[in-house]
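One file, model-v3.cif, is given below (mmCIF, C-alpha atoms).
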data_upload
loop_
_atom_site.label_atom_id
_atom_site.label_comp_id
_atom_site.auth_asym_id
_atom_site.auth_seq_id
_atom_site.Cartn_x
_atom_site.Cartn_y
_atom_site.Cartn_z
CA GLY I 21 0.00 0.00 0.00
CA ALA I 22 0.87 3.65 -0.17
CA VAL I 23 3.44 4.88 2.31
CA VAL I 24 3.62 8.19 4.08
CA SER I 25 6.64 9.06 6.16
CA GLN I 26 7.19 11.68 8.83
CA HIS I 27 10.36 13.14 10.21
CA PRO I 28 11.32 13.39 12.97
CA SER I 29 9.47 10.69 14.84
CA ARG I 30 10.16 12.36 18.15
CA VAL I 31 11.43 15.81 19.09
CA ILE I 32 12.08 17.60 22.36
CA CYS I 33 12.55 21.34 22.26
CA LYS I 34 12.75 24.31 24.55
CA SER I 35 9.85 26.67 24.97
CA GLY I 36 10.03 29.54 22.50
CA THR I 37 11.82 27.65 19.75
CA SER I 38 10.36 26.50 16.43
CA VAL I 39 10.06 22.93 15.26
CA LYS I 40 9.59 21.71 11.71
CA ILE I 41 7.92 18.38 10.94
CA GLU I 42 8.14 16.89 7.47
CA CYS I 43 5.56 14.68 5.81
CA ARG I 44 6.37 12.82 2.62
CA SER I 45 4.34 10.60 0.35
CA LEU I 46 6.85 8.01 -0.76
CA ASP I 47 5.27 6.26 -3.71
CA PHE I 48 2.50 8.53 -4.89
CA GLN I 49 1.87 12.19 -5.53
CA ALA I 50 -0.41 13.99 -3.14
CA THR I 51 -1.90 17.32 -4.08
CA THR I 52 -3.60 17.36 -0.72
CA MET I 53 -2.18 16.44 2.64
CA PHE I 54 -3.70 16.78 6.07
CA TRP I 55 -2.26 17.57 9.46
CA TYR I 56 -3.85 16.13 12.58
CA ARG I 57 -3.15 16.44 16.23
CA GLN I 58 -4.01 13.83 18.79
CA PHE I 59 -4.43 14.63 22.44
CA PRO I 60 -4.13 11.83 25.00
CA LYS I 61 -7.14 9.49 24.90
CA LYS I 62 -8.81 11.73 22.34
CA SER I 63 -9.62 11.42 18.68
CA LEU I 64 -7.63 12.81 15.81
CA MET I 65 -8.26 16.50 15.44
CA LEU I 66 -7.87 17.89 11.95
CA MET I 67 -5.72 21.00 12.09
CA ALA I 68 -5.41 21.97 8.46
CA THR I 69 -5.55 20.85 4.88
CA SER I 70 -2.33 21.39 2.99
CA ASN I 71 -2.71 22.14 -0.72
CA GLU I 72 0.24 21.89 -3.08
CA GLY I 73 1.10 25.25 -4.52
CA SER I 74 -1.42 27.22 -2.51
CA LYS I 75 -2.21 28.29 1.02
CA ALA I 76 -3.29 25.78 3.59
CA THR I 77 -6.85 25.71 4.85
CA TYR I 78 -7.02 25.83 8.62
CA GLU I 79 -9.76 24.46 10.79
CA GLN I 80 -11.61 26.72 13.16
CA GLY I 81 -9.62 27.44 16.28
CA VAL I 82 -6.22 26.56 14.81
CA GLU I 83 -3.78 29.48 14.74
CA LYS I 84 -2.34 29.71 11.25
CA ASP I 85 0.48 31.96 12.39
CA LYS I 86 1.54 29.44 14.97
CA PHE I 87 1.24 26.32 12.85
CA LEU I 88 2.83 27.19 9.53
CA ILE I 89 2.17 24.77 6.72
CA ASN I 90 4.06 24.62 3.47
CA HIS I 91 3.27 22.20 0.66
CA ALA I 92 6.18 22.83 -1.66
CA SER I 93 5.87 19.77 -3.85
CA LEU I 94 3.53 16.92 -4.63
CA THR I 95 5.35 14.69 -2.17
CA LEU I 96 6.26 17.00 0.69
CA SER I 97 4.36 19.05 3.22
CA THR I 98 5.88 20.63 6.30
CA LEU I 99 4.34 21.79 9.56
CA THR I 100 6.30 24.30 11.59
CA VAL I 101 5.27 24.89 15.17
CA THR I 102 6.49 28.39 15.87
CA SER I 103 7.39 29.73 19.31
CA ALA I 104 6.47 26.42 20.85
CA HIS I 105 4.91 26.28 24.29
CA PRO I 106 4.44 23.30 26.60
CA GLU I 107 0.75 23.16 25.65
CA ASP I 108 1.83 22.44 22.07
CA SER I 109 3.20 19.11 23.26
CA SER I 110 1.24 16.50 21.41
CA PHE I 111 1.29 13.78 18.78
CA TYR I 112 1.14 15.24 15.29
CA ILE I 113 0.11 13.04 12.38
CA CYS I 114 0.01 13.83 8.70
CA SER I 115 -1.87 12.03 6.00
CA ALA I 116 -2.13 12.05 2.25
CA THR I 117 -4.92 10.92 0.02
CA GLY I 118 -4.14 8.22 -2.50
CA GLU I 119 -7.05 7.22 -4.69
CA GLU I 120 -9.94 6.87 -2.25
CA THR I 121 -8.08 6.15 0.91
CA GLN I 122 -6.18 8.35 3.30
CA TYR I 123 -2.80 7.03 4.32
CA PHE I 124 -1.26 8.22 7.53
CA GLY I 125 2.27 8.89 8.54
CA PRO I 126 3.68 7.27 11.68
CA GLY I 127 3.30 10.47 13.68
CA THR I 128 5.67 12.85 15.44
CA ARG I 129 5.75 13.13 19.20
CA LEU I 130 6.55 16.72 20.21
CA LEU I 131 7.54 17.56 23.75
CA VAL I 132 8.07 21.20 24.62
CA LEU I 133 9.92 21.82 27.85
CA ASP W 25 -20.58 19.05 17.01
CA GLN W 26 -19.50 15.43 16.98
CA GLN W 27 -20.62 14.13 13.61
CA VAL W 28 -19.08 10.69 14.04
CA LYS W 29 -19.62 8.99 17.36
CA GLN W 30 -18.10 5.91 18.88
CA ASN W 31 -19.90 5.60 22.17
CA SER W 32 -17.90 2.72 23.57
CA PRO W 33 -14.45 3.85 24.69
CA SER W 34 -13.32 0.27 25.18
CA LEU W 35 -14.25 -3.30 24.41
CA ARG W 36 -12.89 -6.55 25.85
CA VAL W 37 -13.20 -9.78 23.91
CA GLN W 38 -11.87 -13.29 24.33
CA GLU W 39 -9.56 -14.62 21.67
CA GLY W 40 -11.48 -16.51 19.02
CA ARG W 41 -14.75 -14.70 19.66
CA ILE W 42 -16.31 -11.94 17.59
CA SER W 43 -15.49 -8.28 18.19
CA ILE W 44 -18.17 -5.79 17.21
CA LEU W 45 -17.26 -2.13 17.14
CA ASN W 46 -20.03 0.37 16.60
CA CYS W 47 -20.17 3.81 15.07
CA ASP W 48 -22.98 6.32 14.56
CA TYR W 49 -23.00 9.41 12.40
CA THR W 50 -25.27 12.40 12.11
CA ASN W 51 -24.42 13.97 8.77
CA SER W 52 -26.52 12.46 5.99
CA MET W 53 -24.09 13.89 3.45
CA PHE W 54 -21.48 11.30 4.36
CA ASP W 55 -21.20 8.72 1.61
CA TYR W 56 -17.94 6.97 2.35
CA PHE W 57 -16.94 5.34 5.61
CA LEU W 58 -13.62 3.97 6.80
CA TRP W 59 -12.17 2.10 9.72
CA TYR W 60 -8.64 2.68 10.90
CA LYS W 61 -6.57 0.78 13.43
CA LYS W 62 -4.05 2.57 15.58
CA TYR W 63 -1.32 1.34 17.88
CA PRO W 64 0.18 3.67 20.53
CA ALA W 65 2.68 6.19 19.16
CA GLU W 66 1.94 5.19 15.58
CA GLY W 67 -0.18 6.69 12.84
CA PRO W 68 -3.52 5.06 12.00
CA THR W 69 -3.51 2.35 9.37
CA PHE W 70 -6.36 1.84 6.98
CA LEU W 71 -8.38 -1.29 7.64
CA ILE W 72 -11.52 -1.39 5.55
CA SER W 73 -14.00 0.96 3.95
CA ILE W 74 -17.52 0.99 2.59
CA SER W 75 -19.37 3.19 0.16
CA SER W 76 -22.90 4.31 0.94
CA ILE W 77 -24.20 2.34 -2.05
CA LYS W 78 -23.33 -0.87 -0.24
CA ASP W 79 -24.48 -2.30 3.05
CA LYS W 80 -21.67 -4.76 3.60
CA ASN W 81 -18.01 -5.11 2.74
CA GLU W 82 -15.86 -8.03 3.75
CA ASP W 83 -12.10 -8.46 3.79
CA GLY W 84 -10.81 -11.58 5.48
CA ARG W 85 -11.63 -11.48 9.17
CA PHE W 86 -12.99 -7.94 8.90
CA THR W 87 -16.52 -7.04 7.81
CA VAL W 88 -18.10 -3.64 7.86
CA PHE W 89 -21.87 -3.25 7.87
CA LEU W 90 -23.66 -0.03 6.99
CA ASN W 91 -27.24 0.83 7.94
CA LYS W 92 -27.95 4.13 6.23
CA SER W 93 -31.45 4.56 7.61
CA ALA W 94 -30.09 4.27 11.13
CA LYS W 95 -26.91 6.17 10.29
CA HIS W 96 -25.00 3.37 11.88
CA LEU W 97 -22.06 1.23 10.89
CA SER W 98 -20.22 -1.54 12.61
CA LEU W 99 -16.97 -3.40 12.24
CA HIS W 100 -16.96 -7.11 12.93
CA ILE W 101 -13.72 -8.97 13.56
CA VAL W 102 -13.98 -12.73 13.64
CA PRO W 103 -12.19 -14.59 14.99
CA SER W 104 -10.54 -11.98 17.21
CA GLN W 105 -6.83 -12.33 17.83
CA PRO W 106 -4.59 -10.78 20.52
CA GLY W 107 -2.80 -8.85 17.77
CA ASP W 108 -6.07 -7.07 17.03
CA SER W 109 -5.75 -5.22 20.33
CA ALA W 110 -5.56 -1.54 19.33
CA VAL W 111 -7.66 1.58 19.05
CA TYR W 112 -10.14 1.50 16.19
CA PHE W 113 -11.31 4.74 14.64
CA CYS W 114 -14.44 5.06 12.58
CA ALA W 115 -14.25 7.82 9.96
CA ALA W 116 -16.55 9.35 7.38
CA ARG W 117 -16.44 11.79 4.52
CA TRP W 118 -18.58 13.01 1.64
CA THR W 119 -18.10 13.14 -2.12
CA GLY W 120 -16.17 16.17 -3.23
CA GLY W 121 -14.72 16.74 0.22
CA PHE W 122 -11.45 15.14 1.17
CA LYS W 123 -11.95 16.14 4.76
CA THR W 124 -12.39 13.05 6.88
CA ILE W 125 -14.19 13.22 10.19
CA PHE W 126 -13.07 10.78 12.86
CA GLY W 127 -14.84 9.29 15.82
CA ALA W 128 -13.23 9.27 19.24
CA GLY W 129 -12.06 5.68 18.87
CA THR W 130 -12.72 2.42 20.68
CA ARG W 131 -9.92 0.58 22.40
CA LEU W 132 -10.18 -3.15 21.76
CA PHE W 133 -8.58 -5.62 24.14
CA VAL W 134 -8.43 -9.22 22.93
CA LYS W 135 -7.48 -11.62 25.69
CA ALA W 136 -5.65 -14.82 24.93
#
What does this structure look like when you write it as structure tokens?
Amino acid sequence: GAVVSQHPSRVICKSGTSVKIECRSLDFQATTMFWYRQFPKKSLMLMATSNEGSKATYEQGVEKDKFLINHASLTLSTLTVTSAHPEDSSFYICSATGEETQYFGPGTRLLVL
Amino acid sequence: DQQVKQNSPSLRVQEGRISILNCDYTNSMFDYFLWYKKYPAEGPTFLISISSIKDKNEDGRFTVFLNKSAKHLSLHIVPSQPGDSAVYFCAARWTGGFKTIFGAGTRLFVKA
């Protein structure tokens, strides 16, 4: 099946710094990618839809200036958490749509100290 | 507004028996439904899907049933295996919209 990778898998950073997470579709082109966040014991919360070559579409309540999304190519989308705070600590998951099914990356665990 | 609901946070089943995970939705625009399986600290993996034009889809030990009039779908796993222990997410979307709405998940425990 289709493969989506994420890098890094885990990151620890200091409060106030920025962290970039990469999402790649390895064997298919994805004009649309999605970024989710999962809180402990909660469902996946869609943060934004990343569109290749255009601006991302953010869900209500998600700060676009804090969570910068860039979809520079058909196989790469990046999420940058700017000026990270401890409350940004979470599990971030990206996904890409291949044919009819969404394929998910393995996730990135972010811990902000 | 929770459009996709999984009311059972957890389910415990004996190995070899049937696991039935339930999901309800409220948006009648949804026409495609998916089940994902997720292990801790990993991304969800696609399990099985069903289009609204069908009422059943089977793939090996996994069968998904859709009752459109009740806005209800279920995932049956038979026979259940210890390796099936994971969180199962029900998800739905509509034609023309790639946005997928997820339920809260049900944690399945299969005891050997």
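Between CA of Ser29 in chain I and CA of Pro126 in chain I there is a distance of 7.4 Å.
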Selection result of the PyMOL selection byres ((chain I and resi 59) around 12) on this file, as a compact mmCIF listing (two decimals) with C-alpha atoms, in the frame of the given file:
# COMPACT_ATOMS: atom_id res chain seq x y z
CA TYR I 56 -3.85 16.13 12.58
CA ARG I 57 -3.15 16.44 16.23
CA GLN I 58 -4.01 13.83 18.79
CA PRO I 60 -4.13 11.83 25.00
CA LYS I 61 -7.14 9.49 24.90
CA LYS I 62 -8.81 11.73 22.34
CA SER I 63 -9.62 11.42 18.68
CA LEU I 64 -7.63 12.81 15.81
CA MET I 65 -8.26 16.50 15.44
CA LEU I 66 -7.87 17.89 11.95
CA GLU I 107 0.75 23.16 25.65
CA ASP I 108 1.83 22.44 22.07
CA SER I 109 3.20 19.11 23.26
CA SER I 110 1.24 16.50 21.41
CA PHE I 111 1.29 13.78 18.78
CA TYR I 112 1.14 15.24 15.29
CA ILE I 113 0.11 13.04 12.38
CA ARG I 129 5.75 13.13 19.20
CA LEU I 130 6.55 16.72 20.21
CA ALA W 65 2.68 6.19 19.16
CA ALA W 128 -13.23 9.27 19.24
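In this comparison, which uses all atoms listed in the file, the residue of W:Thr50, W:Ile74, W:Thr130, W:Thr119 approaching Ser93 in chain W most closely is W:Thr50.
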As a PDB file with C-alpha atoms, in the coordinates of the input, could you give me every residue of chain W near chain I (at most 10 Å apart, counting only C-alpha atoms)?
ATOM      1  CA  PRO W  33     -14.450   3.850  24.690  1.00  0.00           C
ATOM      2  CA  TYR W  56     -17.940   6.970   2.350  1.00  0.00           C
ATOM      3  CA  LEU W  58     -13.620   3.970   6.800  1.00  0.00           C
ATOM      4  CA  TYR W  60      -8.640   2.680  10.900  1.00  0.00           C
ATOM      5  CA  LYS W  62      -4.050   2.570  15.580  1.00  0.00           C
ATOM      6  CA  TYR W  63      -1.320   1.340  17.880  1.00  0.00           C
ATOM      7  CA  ALA W  65       2.680   6.190  19.160  1.00  0.00           C
ATOM      8  CA  GLU W  66       1.940   5.190  15.580  1.00  0.00           C
ATOM      9  CA  GLY W  67      -0.180   6.690  12.840  1.00  0.00           C
ATOM     10  CA  PRO W  68      -3.520   5.060  12.000  1.00  0.00           C
ATOM     11  CA  THR W  69      -3.510   2.350   9.370  1.00  0.00           C
ATOM     12  CA  PHE W  70      -6.360   1.840   6.980  1.00  0.00           C
ATOM     13  CA  ILE W  72     -11.520  -1.390   5.550  1.00  0.00           C
ATOM     14  CA  SER W  73     -14.000   0.960   3.950  1.00  0.00           C
ATOM     15  CA  VAL W 111      -7.660   1.580  19.050  1.00  0.00           C
ATOM     16  CA  PHE W 113     -11.310   4.740  14.640  1.00  0.00           C
ATOM     17  CA  PHE W 122     -11.450  15.140   1.170  1.00  0.00           C
ATOM     18  CA  LYS W 123     -11.950  16.140   4.760  1.00  0.00           C
ATOM     19  CA  THR W 124     -12.390  13.050   6.880  1.00  0.00           C
ATOM     20  CA  ILE W 125     -14.190  13.220  10.190  1.00  0.00           C
ATOM     21  CA  PHE W 126     -13.070  10.780  12.860  1.00  0.00           C
ATOM     22  CA  GLY W 127     -14.840   9.290  15.820  1.00  0.00           C
ATOM     23  CA  ALA W 128     -13.230   9.270  19.240  1.00  0.00           C
ATOM     24  CA  GLY W 129     -12.060   5.680  18.870  1.00  0.00           C
ATOM     25  CA  THR W 130     -12.720   2.420  20.680  1.00  0.00           C
ATOM     26  CA  ARG W 131      -9.920   0.580  22.400  1.00  0.00           C
TER      27      ARG W 131
END
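Across the model, the gap from CA of Leu133 in chain I to CA of Phe87 in chain I is 17.9 Å.
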> Nearest to Ser34 in chain W among W:Asp83, W:Ala110, W:Arg117, W:Ser76, with distances taken over all atoms listed in the file: which residue is it?
Replying inline: W:Ala110
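Using only C-alpha atoms, the smallest distance between any of W:Glu82, W:Thr87, W:Val37, W:Asp48 and Pro106 in chain W comes from W:Val37.
Put simply, the PyMOL selection byres ((chain W and resi 101) around 7) on this file hits Ile42, Ser43, Ile44, Arg85, Phe86, Thr87, Leu99, His100, Val102, Pro103 and Ser104 of chain W.
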> What does the PyMOL selection byres ((chain W and resi 49) around 9) select in this file, as number ranges by chain?
Replying inline: W: 26-30, 47-48, 50-52, 54, 94-97, 116, 127
>> Need the shell around range 96-102 of chain I: protein/DNA/RNA residues with any atom at most 7 Å away, counting only C-alpha atoms. Skip same-chain ones fewer than 2 positions apart. Format as a PyMOL selection string?
In response: chain I and resi 37-45+86-94+104
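Atom pair CA of Lys75 in chain I / CA of Leu131 in chain I: separated by 27.0 Å.
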> Quick one: of W:Asp108, W:Ile77, W:Trp59, W:Met53, who's nearest to Leu132 in chain W, counting only C-alpha atoms?
Replying inline: W:Asp108
